[in-house]
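Heads up, entry01.csv below (CSV, C-alpha atoms):
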```
chain,number,residue,atom,x,y,z
W,239,MET,CA,-6.6,16.4,-14.8
W,240,LYS,CA,-5.1,17.7,-11.5
W,241,HIS,CA,-7.1,15.2,-9.4
W,242,ILE,CA,-5.8,12.1,-11.3
W,243,GLU,CA,-3.0,10.5,-9.4
W,244,LYS,CA,0.4,10.2,-11.2
W,245,GLY,CA,1.8,6.8,-12.0
W,246,THR,CA,5.1,5.5,-13.4
W,247,SER,CA,6.6,6.0,-16.8
W,248,LEU,CA,5.9,3.1,-19.2
W,249,LYS,CA,9.2,3.4,-20.9
W,250,ARG,CA,10.9,0.9,-18.5
W,251,LEU,CA,7.9,-1.4,-18.5
W,252,PRO,CA,9.4,-4.5,-20.3
W,253,GLY,CA,12.5,-4.5,-18.1
W,254,ASP,CA,10.6,-3.8,-14.9
W,255,PHE,CA,8.1,-6.6,-15.7
W,256,ILE,CA,10.9,-9.1,-16.3
W,257,ARG,CA,12.7,-7.9,-13.1
W,258,ASP,CA,9.6,-8.3,-10.9
W,259,LEU,CA,8.4,-11.6,-12.4
W,260,THR,CA,8.3,-14.3,-9.7
W,261,PRO,CA,6.6,-17.8,-9.4
W,262,GLU,CA,4.3,-16.3,-6.8
W,263,ASN,CA,2.9,-13.5,-8.9
W,264,VAL,CA,2.7,-15.7,-12.0
W,265,SER,CA,0.6,-18.3,-10.1
W,266,ALA,CA,-1.7,-15.5,-8.7
W,267,GLY,CA,-2.1,-14.0,-12.1
W,268,LEU,CA,-3.0,-17.4,-13.6
W,269,VAL,CA,-5.6,-18.0,-10.9
W,270,ALA,CA,-7.1,-14.5,-11.3
W,271,GLY,CA,-7.2,-15.0,-15.0
W,272,VAL,CA,-8.9,-18.3,-14.8
W,273,PHE,CA,-11.3,-16.8,-12.3
W,274,GLY,CA,-12.1,-14.0,-14.7
W,275,LEU,CA,-12.6,-16.3,-17.6
W,276,SER,CA,-15.0,-18.4,-15.5
W,277,ALA,CA,-17.0,-15.2,-14.6
W,278,GLY,CA,-18.0,-15.1,-18.3
W,279,VAL,CA,-20.3,-18.0,-17.5
W,280,ILE,CA,-22.3,-15.5,-15.3
W,281,HIS,CA,-22.9,-13.4,-18.4
W,282,ILE,CA,-23.9,-16.4,-20.4
W,283,SER,CA,-26.3,-17.5,-17.7
W,284,ALA,CA,-27.8,-14.0,-17.2
W,285,GLY,CA,-28.2,-13.5,-21.0
W,286,THR,CA,-29.8,-16.9,-21.5
W,287,ALA,CA,-32.2,-16.3,-18.6
W,288,ALA,CA,-33.2,-13.0,-20.2
W,289,GLY,CA,-33.8,-14.6,-23.6
W,290,LEU,CA,-31.0,-12.9,-25.4
W,291,ASP,CA,-29.6,-14.3,-28.6
W,292,SER,CA,-26.7,-16.7,-28.1
W,293,SER,CA,-24.6,-15.0,-30.8
W,294,PHE,CA,-24.9,-11.6,-28.9
W,295,ILE,CA,-24.1,-13.2,-25.6
W,296,MET,CA,-20.8,-14.6,-27.0
W,297,ILE,CA,-19.9,-11.2,-28.5
W,298,TRP,CA,-20.7,-9.6,-25.1
W,299,VAL,CA,-18.4,-11.9,-23.2
W,300,ILE,CA,-15.6,-11.6,-25.9
W,301,SER,CA,-15.8,-7.8,-25.6
W,302,TYR,CA,-15.7,-8.1,-21.8
W,303,LEU,CA,-12.4,-10.0,-22.0
W,304,MET,CA,-10.8,-8.0,-24.8
W,305,ILE,CA,-11.5,-4.5,-23.7
W,306,ASN,CA,-11.0,-5.1,-20.0
W,307,GLY,CA,-7.9,-7.1,-20.7
W,308,LEU,CA,-6.4,-4.2,-22.6
W,309,PHE,CA,-7.2,-1.8,-19.7
W,310,GLY,CA,-5.9,-4.5,-17.4
W,311,LEU,CA,-2.6,-4.4,-19.1
W,312,LEU,CA,-2.4,-0.6,-18.9
W,313,VAL,CA,-3.6,0.3,-15.4
W,314,PRO,CA,-1.4,-1.9,-13.2
W,315,SER,CA,1.6,-1.2,-15.5
W,316,TYR,CA,1.1,2.6,-15.1
W,317,TYR,CA,0.5,2.6,-11.3
W,318,ARG,CA,2.6,-0.5,-10.5
W,319,LEU,CA,-0.2,-1.8,-8.3
W,320,PRO,CA,-2.2,-5.0,-8.4
W,321,LEU,CA,-5.3,-3.4,-10.2
W,322,PRO,CA,-6.8,-5.9,-12.6
W,323,MET,CA,-9.7,-4.6,-14.6
W,324,ALA,CA,-13.0,-6.4,-15.5
W,325,ASN,CA,-16.6,-5.4,-15.5
W,326,SER,CA,-19.4,-5.1,-12.9
W,327,ILE,CA,-21.2,-8.3,-12.3
W,328,PRO,CA,-24.3,-6.5,-10.8
W,329,GLY,CA,-24.1,-4.3,-13.8
W,330,ALA,CA,-24.1,-7.3,-16.1
W,331,LEU,CA,-27.2,-8.7,-14.5
W,332,LEU,CA,-29.0,-5.3,-14.9
W,333,PHE,CA,-27.8,-5.1,-18.5
W,334,ALA,CA,-29.1,-8.5,-19.4
W,335,ALA,CA,-32.4,-7.8,-17.8
W,336,VAL,CA,-33.0,-4.4,-19.3
W,337,ILE,CA,-32.2,-5.2,-23.0
W,338,PRO,CA,-35.5,-7.0,-23.6
W,339,VAL,CA,-37.3,-3.9,-22.1
W,340,VAL,CA,-35.5,-0.9,-23.8
W,341,GLY,CA,-33.5,-2.5,-26.6
W,342,LEU,CA,-29.8,-3.1,-27.0
W,343,GLU,CA,-28.9,0.2,-28.5
W,344,ALA,CA,-30.7,2.2,-25.9
W,345,ALA,CA,-29.1,0.1,-23.1
W,346,LEU,CA,-25.7,0.8,-24.6
W,347,GLY,CA,-26.6,4.5,-24.8
W,348,ALA,CA,-27.3,4.5,-21.0
W,349,THR,CA,-24.0,2.7,-20.6
W,350,LEU,CA,-22.3,5.5,-22.4
W,351,ILE,CA,-23.8,8.1,-20.0
W,352,ALA,CA,-23.0,6.1,-16.9
W,353,GLY,CA,-19.4,5.9,-18.1
W,354,ALA,CA,-19.3,9.7,-18.6
W,355,ILE,CA,-20.6,10.2,-15.0
W,356,SER,CA,-17.9,7.9,-13.7
W,357,LEU,CA,-15.2,9.7,-15.8
W,358,ILE,CA,-16.3,13.1,-14.4
W,359,ALA,CA,-16.3,11.7,-10.8
W,360,GLY,CA,-12.7,10.7,-11.2
W,361,LEU,CA,-11.6,13.9,-13.0
W,362,THR,CA,-13.2,16.1,-10.4
W,363,GLY,CA,-11.7,14.3,-7.4
W,364,VAL,CA,-15.0,13.1,-6.1
W,365,MET,CA,-13.8,9.6,-5.3
W,366,ALA,CA,-11.1,10.8,-2.9
W,367,THR,CA,-13.8,12.6,-0.9
W,368,VAL,CA,-16.1,9.5,-1.1
W,369,MET,CA,-13.3,7.3,0.2
W,370,ARG,CA,-12.5,9.7,3.1
W,371,LEU,CA,-16.2,9.7,4.2
W,372,ILE,CA,-16.4,5.9,4.2
W,373,PRO,CA,-14.4,4.4,7.2
W,374,MET,CA,-12.1,1.6,6.4
W,375,PRO,CA,-13.7,-0.9,8.9
W,376,ILE,CA,-17.0,-0.5,7.1
W,377,VAL,CA,-15.4,-0.9,3.6
W,378,MET,CA,-13.5,-4.0,4.8
W,379,GLY,CA,-16.7,-5.3,6.5
W,380,MET,CA,-18.4,-5.0,3.1
W,381,ILE,CA,-15.5,-6.7,1.3
W,382,ALA,CA,-15.5,-9.6,3.9
W,383,GLY,CA,-19.2,-10.1,3.3
W,384,VAL,CA,-18.7,-10.2,-0.5
W,385,LEU,CA,-15.8,-12.7,-0.2
W,386,LEU,CA,-17.6,-14.9,2.4
W,387,SER,CA,-19.5,-16.7,-0.4
W,388,PHE,CA,-16.2,-17.7,-2.0
W,389,GLY,CA,-15.1,-19.3,1.3
W,390,THR,CA,-18.4,-21.1,1.8
W,391,ARG,CA,-18.4,-22.4,-1.7
W,392,MET,CA,-14.9,-23.8,-1.2
W,393,VAL,CA,-15.9,-25.5,2.0
W,394,GLY,CA,-19.3,-26.6,0.5
W,395,SER,CA,-17.4,-28.6,-2.1
W,396,LEU,CA,-16.5,-31.0,0.6
W,397,ASP,CA,-20.1,-32.0,0.7
W,398,ASP,CA,-20.4,-33.3,-2.8
W,399,ALA,CA,-16.8,-33.8,-3.8
W,400,LEU,CA,-15.1,-34.9,-0.6
W,401,LEU,CA,-12.0,-36.6,-2.1
W,402,PRO,CA,-10.9,-34.1,-4.7
W,403,ALA,CA,-11.7,-31.2,-2.5
W,404,SER,CA,-9.7,-32.6,0.4
W,405,ILE,CA,-6.8,-33.4,-1.9
W,406,MET,CA,-6.7,-29.8,-3.3
W,407,ILE,CA,-7.2,-28.0,0.1
W,408,LEU,CA,-4.7,-30.2,2.0
W,409,SER,CA,-2.1,-29.9,-0.8
W,410,PHE,CA,-2.5,-26.1,-0.5
W,411,PHE,CA,-1.7,-26.0,3.2
W,412,LEU,CA,0.9,-28.6,3.1
W,413,ALA,CA,2.7,-26.8,0.3
W,414,ALA,CA,2.5,-23.5,2.3
W,415,ARG,CA,4.1,-25.3,5.2
W,416,LEU,CA,6.7,-27.5,3.6
W,417,PHE,CA,7.6,-25.9,0.2
W,418,ARG,CA,8.1,-22.2,0.9
W,419,ARG,CA,9.5,-21.4,-2.6
W,420,VAL,CA,6.6,-23.1,-4.4
W,421,PRO,CA,3.4,-21.1,-4.7
W,422,PRO,CA,0.7,-23.2,-2.8
W,423,LEU,CA,-1.9,-22.2,-5.4
W,424,LEU,CA,0.0,-23.9,-8.1
W,425,VAL,CA,0.4,-27.0,-6.0
W,426,ALA,CA,-3.4,-27.0,-5.4
W,427,MET,CA,-4.1,-26.5,-9.1
W,428,GLY,CA,-1.7,-29.2,-10.0
W,429,ALA,CA,-3.3,-31.6,-7.6
W,430,GLY,CA,-6.7,-30.9,-8.9
W,431,ILE,CA,-5.7,-31.3,-12.5
W,432,ALA,CA,-3.9,-34.6,-11.7
W,433,TYR,CA,-7.1,-35.9,-10.0
W,434,LEU,CA,-9.2,-34.8,-13.1
W,435,MET,CA,-6.9,-36.6,-15.4
W,436,ALA,CA,-6.8,-39.7,-13.2
W,437,THR,CA,-10.5,-39.9,-13.0
W,438,GLY,CA,-11.0,-39.5,-16.8
W,439,VAL,CA,-12.9,-36.2,-17.1
W,440,ASP,CA,-14.5,-36.0,-20.6
W,441,PHE,CA,-13.0,-33.2,-22.8
W,442,SER,CA,-14.3,-34.6,-26.1
W,443,GLY,CA,-17.1,-32.0,-26.4
W,444,ILE,CA,-14.7,-29.0,-26.5
W,445,GLN,CA,-15.1,-27.0,-29.7
W,446,ALA,CA,-12.8,-24.2,-31.0
W,447,THR,CA,-14.3,-20.9,-32.4
W,448,VAL,CA,-12.7,-17.5,-33.2
W,449,ARG,CA,-14.6,-14.2,-32.9
W,450,PHE,CA,-13.8,-10.6,-32.1
W,451,PRO,CA,-15.7,-7.6,-30.6
W,452,GLU,CA,-18.1,-5.9,-33.0
W,453,PHE,CA,-18.9,-2.2,-33.3
W,454,ILE,CA,-22.3,-0.8,-32.6
W,455,VAL,CA,-23.8,2.7,-32.4
W,456,PRO,CA,-25.6,3.4,-29.1
W,457,GLU,CA,-28.9,5.3,-28.9
W,458,PHE,CA,-30.1,7.6,-26.1
W,459,THR,CA,-33.5,7.4,-24.3
W,460,LEU,CA,-34.5,8.8,-21.0
W,461,GLY,CA,-36.3,5.6,-20.0
W,462,ALA,CA,-33.2,3.5,-20.5
W,463,PHE,CA,-31.0,5.9,-18.5
W,464,LEU,CA,-33.4,6.0,-15.5
W,465,ALA,CA,-34.0,2.2,-15.6
W,466,TYR,CA,-30.3,1.2,-16.1
W,467,GLY,CA,-27.8,4.0,-16.7
W,468,LEU,CA,-28.3,5.8,-13.4
W,469,PRO,CA,-28.2,2.6,-11.3
W,470,LEU,CA,-25.1,1.5,-13.3
W,471,ALA,CA,-23.4,4.9,-12.5
W,472,ILE,CA,-24.2,4.4,-8.8
W,473,ILE,CA,-22.7,0.9,-8.9
W,474,LEU,CA,-19.5,2.0,-10.6
W,475,VAL,CA,-18.8,5.0,-8.4
W,476,GLY,CA,-20.4,3.9,-5.1
W,477,MET,CA,-19.6,0.2,-5.1
W,478,GLU,CA,-17.0,-1.0,-7.5
W,479,THR,CA,-14.3,1.6,-6.8
W,480,PRO,CA,-14.6,1.6,-3.0
W,481,ALA,CA,-14.5,-2.2,-3.0
W,482,GLY,CA,-11.4,-2.5,-5.1
W,483,VAL,CA,-9.6,0.4,-3.4
W,484,GLY,CA,-10.5,-1.0,0.0
W,485,LEU,CA,-9.1,-4.4,-0.9
W,486,VAL,CA,-5.8,-3.0,-2.1
W,487,LYS,CA,-5.5,-0.7,1.0
W,488,GLY,CA,-6.3,-3.7,3.2
W,489,MET,CA,-3.3,-5.5,1.7
W,490,GLY,CA,-0.9,-2.8,3.0
W,491,TYR,CA,-0.8,-0.3,0.1
W,492,ASP,CA,-1.1,3.2,1.4
W,493,LYS,CA,-1.6,5.2,-1.8
W,494,VAL,CA,-4.2,3.8,-4.1
W,495,PRO,CA,-5.4,6.0,-7.0
W,496,ALA,CA,-9.2,6.1,-6.4
W,497,ASN,CA,-9.7,9.0,-8.8
W,498,GLY,CA,-7.6,7.4,-11.5
W,499,ILE,CA,-9.3,4.1,-11.2
W,500,THR,CA,-12.7,5.7,-11.4
W,501,ALA,CA,-11.8,7.9,-14.4
W,502,VAL,CA,-10.2,5.0,-16.3
W,503,GLY,CA,-13.2,2.9,-15.5
W,504,GLY,CA,-15.5,5.6,-16.8
W,505,LEU,CA,-13.5,6.0,-20.0
W,506,GLY,CA,-13.4,2.2,-20.5
W,507,THR,CA,-17.2,2.1,-20.0
W,508,MET,CA,-17.7,4.7,-22.6
W,509,ILE,CA,-15.6,2.8,-25.1
W,510,SER,CA,-17.3,-0.4,-24.1
W,511,SER,CA,-20.7,1.0,-25.0
W,512,PHE,CA,-19.6,0.9,-28.7
W,513,PHE,CA,-18.7,-2.8,-28.5
W,514,ASN,CA,-21.8,-4.4,-26.9
W,515,LEU,CA,-20.3,-4.2,-23.4
W,516,HIS,CA,-21.8,-2.7,-20.3
W,517,SER,CA,-18.9,-1.5,-18.1
W,518,THR,CA,-15.2,-1.4,-17.2
W,519,CYS,CA,-14.0,-1.2,-13.6
W,520,ILE,CA,-11.6,-2.5,-11.1
W,521,ALA,CA,-12.3,-6.2,-10.5
W,522,ALA,CA,-12.7,-6.7,-6.7
W,523,PRO,CA,-12.3,-10.5,-6.4
W,524,MET,CA,-9.4,-10.6,-8.9
W,525,THR,CA,-7.9,-7.7,-7.1
W,526,GLY,CA,-8.0,-9.7,-3.9
W,527,ILE,CA,-6.2,-12.6,-5.6
W,528,CYS,CA,-3.5,-10.4,-7.2
W,529,SER,CA,-2.9,-8.3,-4.0
W,530,SER,CA,-2.9,-11.1,-1.5
W,531,PRO,CA,0.3,-12.4,0.2
W,532,GLU,CA,0.1,-15.5,-2.1
W,533,ALA,CA,1.1,-13.1,-4.9
W,534,GLY,CA,4.6,-12.7,-3.4
W,535,GLU,CA,6.4,-9.5,-2.4
W,536,ARG,CA,4.1,-6.5,-2.1
W,537,ASP,CA,6.0,-4.3,-4.6
W,538,LYS,CA,6.0,-7.0,-7.3
W,539,ARG,CA,2.3,-8.0,-7.1
W,540,TRP,CA,1.4,-5.6,-9.9
W,541,VAL,CA,2.8,-8.3,-12.3
W,542,ALA,CA,0.0,-10.6,-11.4
W,543,ALA,CA,-2.6,-8.1,-12.6
W,544,VAL,CA,-0.7,-7.6,-15.9
W,545,ILE,CA,-0.7,-11.4,-16.4
W,546,THR,CA,-4.4,-11.4,-15.7
W,547,GLY,CA,-5.0,-8.8,-18.4
W,548,ALA,CA,-2.8,-10.7,-20.9
W,549,ILE,CA,-4.8,-13.9,-20.3
W,550,PHE,CA,-8.0,-12.0,-21.0
W,551,VAL,CA,-6.7,-10.5,-24.3
W,552,VAL,CA,-5.2,-13.8,-25.5
W,553,CYS,CA,-8.3,-15.9,-24.6
W,554,ALA,CA,-11.0,-13.4,-25.7
W,555,PRO,CA,-11.2,-14.5,-29.4
W,556,PHE,CA,-11.3,-18.1,-28.4
W,557,TYR,CA,-13.8,-17.8,-25.6
W,558,GLY,CA,-16.1,-20.4,-27.2
W,559,TYR,CA,-13.3,-22.9,-26.6
W,560,VAL,CA,-12.7,-21.6,-23.1
W,561,VAL,CA,-16.4,-21.9,-22.2
W,562,SER,CA,-16.4,-25.6,-23.4
W,563,LEU,CA,-13.2,-26.2,-21.3
W,564,ILE,CA,-14.7,-24.6,-18.2
W,565,GLU,CA,-18.0,-26.5,-18.7
W,566,ALA,CA,-16.0,-29.8,-18.9
W,567,THR,CA,-14.3,-29.0,-15.5
W,568,PRO,CA,-16.3,-29.9,-12.4
W,569,GLY,CA,-17.7,-26.9,-10.5
W,570,TYR,CA,-15.7,-27.6,-7.4
W,571,PHE,CA,-12.4,-27.0,-9.2
W,572,ILE,CA,-12.9,-23.2,-9.8
W,573,ALA,CA,-14.7,-22.9,-6.4
W,574,ILE,CA,-11.8,-24.3,-4.5
W,575,ILE,CA,-9.1,-22.4,-6.3
W,576,ALA,CA,-10.9,-19.1,-5.9
W,577,GLY,CA,-11.6,-19.8,-2.2
W,578,LEU,CA,-8.0,-20.7,-1.5
W,579,ALA,CA,-6.7,-17.6,-3.4
W,580,LEU,CA,-8.9,-15.3,-1.3
W,581,VAL,CA,-8.7,-16.9,2.1
W,582,ARG,CA,-5.9,-14.6,3.3
W,583,VAL,CA,-7.8,-11.6,2.0
W,584,LEU,CA,-10.9,-12.7,3.9
W,585,THR,CA,-9.0,-13.0,7.1
W,586,SER,CA,-7.3,-9.6,6.6
W,587,SER,CA,-10.7,-8.0,5.8
W,588,LEU,CA,-12.3,-9.4,9.0
W,589,ALA,CA,-9.3,-8.3,11.1
W,590,ILE,CA,-9.4,-4.7,9.8
W,591,ALA,CA,-13.2,-4.6,10.1
W,592,PHE,CA,-13.5,-5.8,13.7
W,593,SER,CA,-10.2,-5.4,15.5
W,594,GLY,CA,-9.9,-1.6,15.7
W,595,LYS,CA,-12.8,-1.0,18.2
W,596,LYS,CA,-14.2,1.7,15.9
W,597,HIS,CA,-17.3,1.5,13.6
W,598,GLU,CA,-17.9,-2.0,14.8
W,599,MET,CA,-21.7,-1.8,14.4
W,600,GLY,CA,-21.4,-0.2,11.0
W,601,ALA,CA,-18.8,-2.8,9.9
W,602,LEU,CA,-21.0,-5.7,11.2
W,603,PHE,CA,-24.1,-4.5,9.3
W,604,ALA,CA,-21.9,-3.9,6.2
W,605,PHE,CA,-20.7,-7.5,6.5
W,606,LEU,CA,-24.1,-8.9,7.0
W,607,ILE,CA,-25.8,-6.9,4.2
W,608,ALA,CA,-23.0,-7.7,1.7
W,609,ALA,CA,-23.1,-11.4,2.6
W,610,SER,CA,-26.9,-11.5,2.2
W,611,GLY,CA,-26.7,-10.6,-1.5
W,612,ILE,CA,-29.9,-8.5,-1.3
W,613,GLN,CA,-30.9,-6.2,-4.1
W,614,ILE,CA,-32.9,-3.0,-3.4
W,615,LEU,CA,-34.1,-0.9,-6.4
W,616,GLY,CA,-32.1,-3.2,-8.7
W,617,ILE,CA,-28.8,-2.2,-7.0
W,618,GLY,CA,-26.6,-4.9,-5.5
W,619,ALA,CA,-25.8,-5.6,-1.8
W,620,SER,CA,-22.3,-4.2,-1.9
W,621,PHE,CA,-23.6,-0.6,-2.5
W,622,TRP,CA,-26.2,-0.9,0.2
W,623,ALA,CA,-23.7,-2.4,2.6
W,624,LEU,CA,-21.6,0.8,2.4
W,625,VAL,CA,-24.6,3.2,2.5
W,626,LEU,CA,-26.4,1.5,5.4
W,627,GLY,CA,-23.2,0.6,7.2
W,628,VAL,CA,-22.1,4.3,7.2
W,629,LEU,CA,-25.7,5.4,8.2
W,630,ILE,CA,-25.8,3.0,11.1
W,631,SER,CA,-22.4,4.0,12.3
W,632,MET,CA,-23.2,7.7,12.1
W,633,ILE,CA,-26.3,7.1,14.3
W,634,PHE,CA,-24.8,4.7,16.9
W,635,GLU,CA,-21.0,5.5,16.6
W,636,THR,CA,-20.9,9.2,15.8
W,637,LYS,CA,-17.7,9.9,17.7
W,638,ASP,CA,-15.9,7.3,15.6
W,639,PHE,CA,-16.0,9.6,12.6
W,640,GLU,CA,-12.9,11.8,12.7
W,641,PHE,CA,-14.3,14.6,10.6
W,642,ILE,CA,-17.3,15.0,13.0
W,643,VAL,CA,-14.9,15.0,16.0
W,644,LYS,CA,-12.7,17.6,14.4
W,645,ARG,CA,-15.7,19.8,13.6
W,646,GLU,CA,-17.0,19.6,17.2
W,647,THR,CA,-13.6,20.4,18.5
W,648,ALA,CA,-13.3,23.4,16.3
W,649,ALA,CA,-16.7,24.6,17.3
W,650,ALA,CA,-15.8,24.3,21.0
W,651,ARG,CA,-12.8,26.5,20.5
```
As a first step, turn the structure in this file into structure tokens.
Amino acid sequence: MKHIEKGTSLKRLPGDFIRDLTPENVSAGLVAGVFGLSAGVIHISAGTAAGLDSSFIMIWVISYLMINGLFGLLVPSYYRLPLPMANSIPGALLFAAVIPVVGLEAALGATLIAGAISLIAGLTGVMATVMRLIPMPIVMGMIAGVLLSFGTRMVGSLDDALLPASIMILSFFLAARLFRRVPPLLVAMGAGIAYLMATGVDFSGIQATVRFPEFIVPEFTLGAFLAYGLPLAIILVGMETPAGVGLVKGMGYDKVPANGITAVGGLGTMISSFFNLHSTCIAAPMTGICSSPEAGERDKRWVAAVITGAIFVVCAPFYGYVVSLIEATPGYFIAIIAGLALVRVLTSSLAIAFSGKKHEMGALFAFLIAASGIQILGIGASFWALVLGVLISMIFETKDFEFIVKRETAAAR
């Protein structure tokens, strides 16, 4: 346990939470929570496309919210950092695709092994080494590439929903300029909701259901591990943690517990495998929302992540109702809110990636690869953005790597 970073005692948590509660971190937590709830639709789409039973798909999403919500309450509270927890979206797509091939129990067995690998990586301190070997401009180039789609979807909403999109976007910037004590995200959400109510959006089809996670016993097969477990472990260790840690560092936090995040994600993934869920990890897009300047003072932004976790836990049993509510809401609404919440993070990522005059080529290719969304060997673009970005930078920008320069200097002496 010596490699796991120390956090803060939880004894003072209630008082500290109330003390640090602000309108800014509340609004950021609400936005991140709504964004996380809407991500469940990705699970539903992937599961439906793979031909999975609708009852299982709902249990899968409910487990995603309940388990990750509980970890999302614990991790930011312990580290006092904006570290919301969710699950891997690339992992979700792999999970849905592999179940018809290897079976649910075998897929969950592979999940258990992947979680164990992630746990060991955190406990042994591997992640601190991994983060030192990956230059920050390349990490931030990858993050900017991932977040670019949120910006383009926000702008793209002007094409098919010009009036409501204009109202929401303009209200955000006007509020940021004129009402400094009012979180602009809340103003944008309020403007969007007012427009929906004024135009008579139909909420009559909303249905309420209550369900909870269900226990299942995983099985172990070599085929399932090679087809799904190993790629999932690579995604968790090589993509999810670097993306989340890079986001938080990019927002001005010097000490981010990479080992602790990886170990907790591994433990959560192992627990998840017994409840029809494929992973637990730091949630990069929601981390961007909770750690952004829109979440208020830097040392109080952890509250936003705790609020996100609470929203997950409360909404999990009623997710059937939430799905109906989200489906009744026009697509542009979530797209605009997510884009506005992440716009400052995107600008910071681009600035860090390309303003330092180091690793520019590696950062550029990391940005382009991540933005492309390509998949190689079933592994998502974010992982390959880091791998190929570092490789390209090592070939063309060798002297930008500090550990190589130090080694050459020592050899010259």
- Task: Would you mind reading off the distance between atom CA of Leu331 of chain W and atom CA of Ile545 of chain W, one decimal, in Å?
- Result: 26.7 Å
- If you count all atoms listed in the file, which residues fall within 12 Å of segment 456-463 of chain W, apart from same-chain ones fewer than 3 positions away, as a PyMOL selection string? chain W and resi 332-333+335-353+355+453+466-472+508-516
- Message: Taking only C-alpha atoms into account, name the residue in W:Asn497, W:Ser610, W:Thr479, W:Ser404 that is nearest to Ile358 of chain W.
- Response: W:Asn497
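Between atom CA of Leu308 of chain W and atom CA of Asn263 of chain W lies a distance of 19.0 Å.
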Would you be able to write out as a PDB file with C-alpha atoms, in the coordinates of the input which residues have an atom within 8 Å of (-15.9, -6.9, -21.4) in the file's coordinates, counting all atoms listed in the file?
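Just written: part_29.pdb:
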```pdb
ATOM      1  CA  TRP W 298     -20.700  -9.600 -25.100  1.00  0.00           C
ATOM      2  CA  VAL W 299     -18.400 -11.900 -23.200  1.00  0.00           C
ATOM      3  CA  ILE W 300     -15.600 -11.600 -25.900  1.00  0.00           C
ATOM      4  CA  SER W 301     -15.800  -7.800 -25.600  1.00  0.00           C
ATOM      5  CA  TYR W 302     -15.700  -8.100 -21.800  1.00  0.00           C
ATOM      6  CA  LEU W 303     -12.400 -10.000 -22.000  1.00  0.00           C
ATOM      7  CA  MET W 304     -10.800  -8.000 -24.800  1.00  0.00           C
ATOM      8  CA  ILE W 305     -11.500  -4.500 -23.700  1.00  0.00           C
ATOM      9  CA  ASN W 306     -11.000  -5.100 -20.000  1.00  0.00           C
ATOM     10  CA  ALA W 324     -13.000  -6.400 -15.500  1.00  0.00           C
ATOM     11  CA  ASN W 325     -16.600  -5.400 -15.500  1.00  0.00           C
ATOM     12  CA  SER W 510     -17.300  -0.400 -24.100  1.00  0.00           C
ATOM     13  CA  LEU W 515     -20.300  -4.200 -23.400  1.00  0.00           C
ATOM     14  CA  HIS W 516     -21.800  -2.700 -20.300  1.00  0.00           C
ATOM     15  CA  SER W 517     -18.900  -1.500 -18.100  1.00  0.00           C
ATOM     16  CA  THR W 518     -15.200  -1.400 -17.200  1.00  0.00           C
TER      17      THR W 518
END
```
- Atomic separation - atom CA of Arg582 of chain W relative to atom CA of Pro531 of chain W, Å: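 Calculated distance between atom CA of Pro531 of chain W and atom CA of Arg582 of chain W is 7.3 Å.
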- With only C-alpha atoms as the basis for distance, which of W:Phe388, W:Tyr559, W:Phe571, W:Phe634 is at the shortest distance from Ile431 of chain W? W:Phe571
- Pick from W:Gly558, W:Gly498, W:Pro320, W:Pro252, whichever lies nearest to Ser292 of chain W using all atoms listed in the file: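 Under the stated criterion, the closest residue is W:Gly558.
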- Item | Among listed residues W:Gly600, W:Pro523, W:Gly506, W:Pro480, nearest Val494 of chain W (using all atoms listed in the file) |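 Of W:Gly600, W:Pro523, W:Gly506, W:Pro480, the one nearest Val494 of chain W, counting all atoms listed in the file, is W:Pro480.
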- Query: With all atoms listed in the file as the atoms that count, which of W:Gly594, W:Gly428, W:Pro568, W:Pro322 lies nearest to Ile407 of chain W?
  - Reply: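 When distances to Ile407 of chain W are compared using all atoms listed in the file, the smallest one comes from W:Gly428.
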- Query: Residues around (-8.5, -19.4, -4.6), cut-off 9 Å, counting only C-alpha atoms - what are they as number ranges by chain?
  - Reply: W: 266, 269-270, 273, 388-389, 392, 423, 527, 572-581
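The residue that comes closest to Thr260 of chain W, out of W:Trp540, W:Ala429, W:Val279, W:Thr286 and on the basis of all atoms listed in the file, is W:Trp540.
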Can you build me a table of segment 494-585 of chain W residues sitting at most 10 Å from segment 380-383 of chain W, with the closest atom pair per residue and its distance in Å to one decimal, using all atoms listed in the file, sorted by chain and residue number, as a tab-separated table?
```
residue	atom	partner	partner_atom	distance
W:Ala522	CA	W:Ile381	CA	8.5
W:Pro523	CA	W:Ile381	CA	9.2
W:Gly526	CA	W:Ile381	CA	9.6
W:Val583	CA	W:Ala382	CA	8.2
W:Leu584	CA	W:Ala382	CA	5.5
W:Thr585	CA	W:Ala382	CA	8.0
```
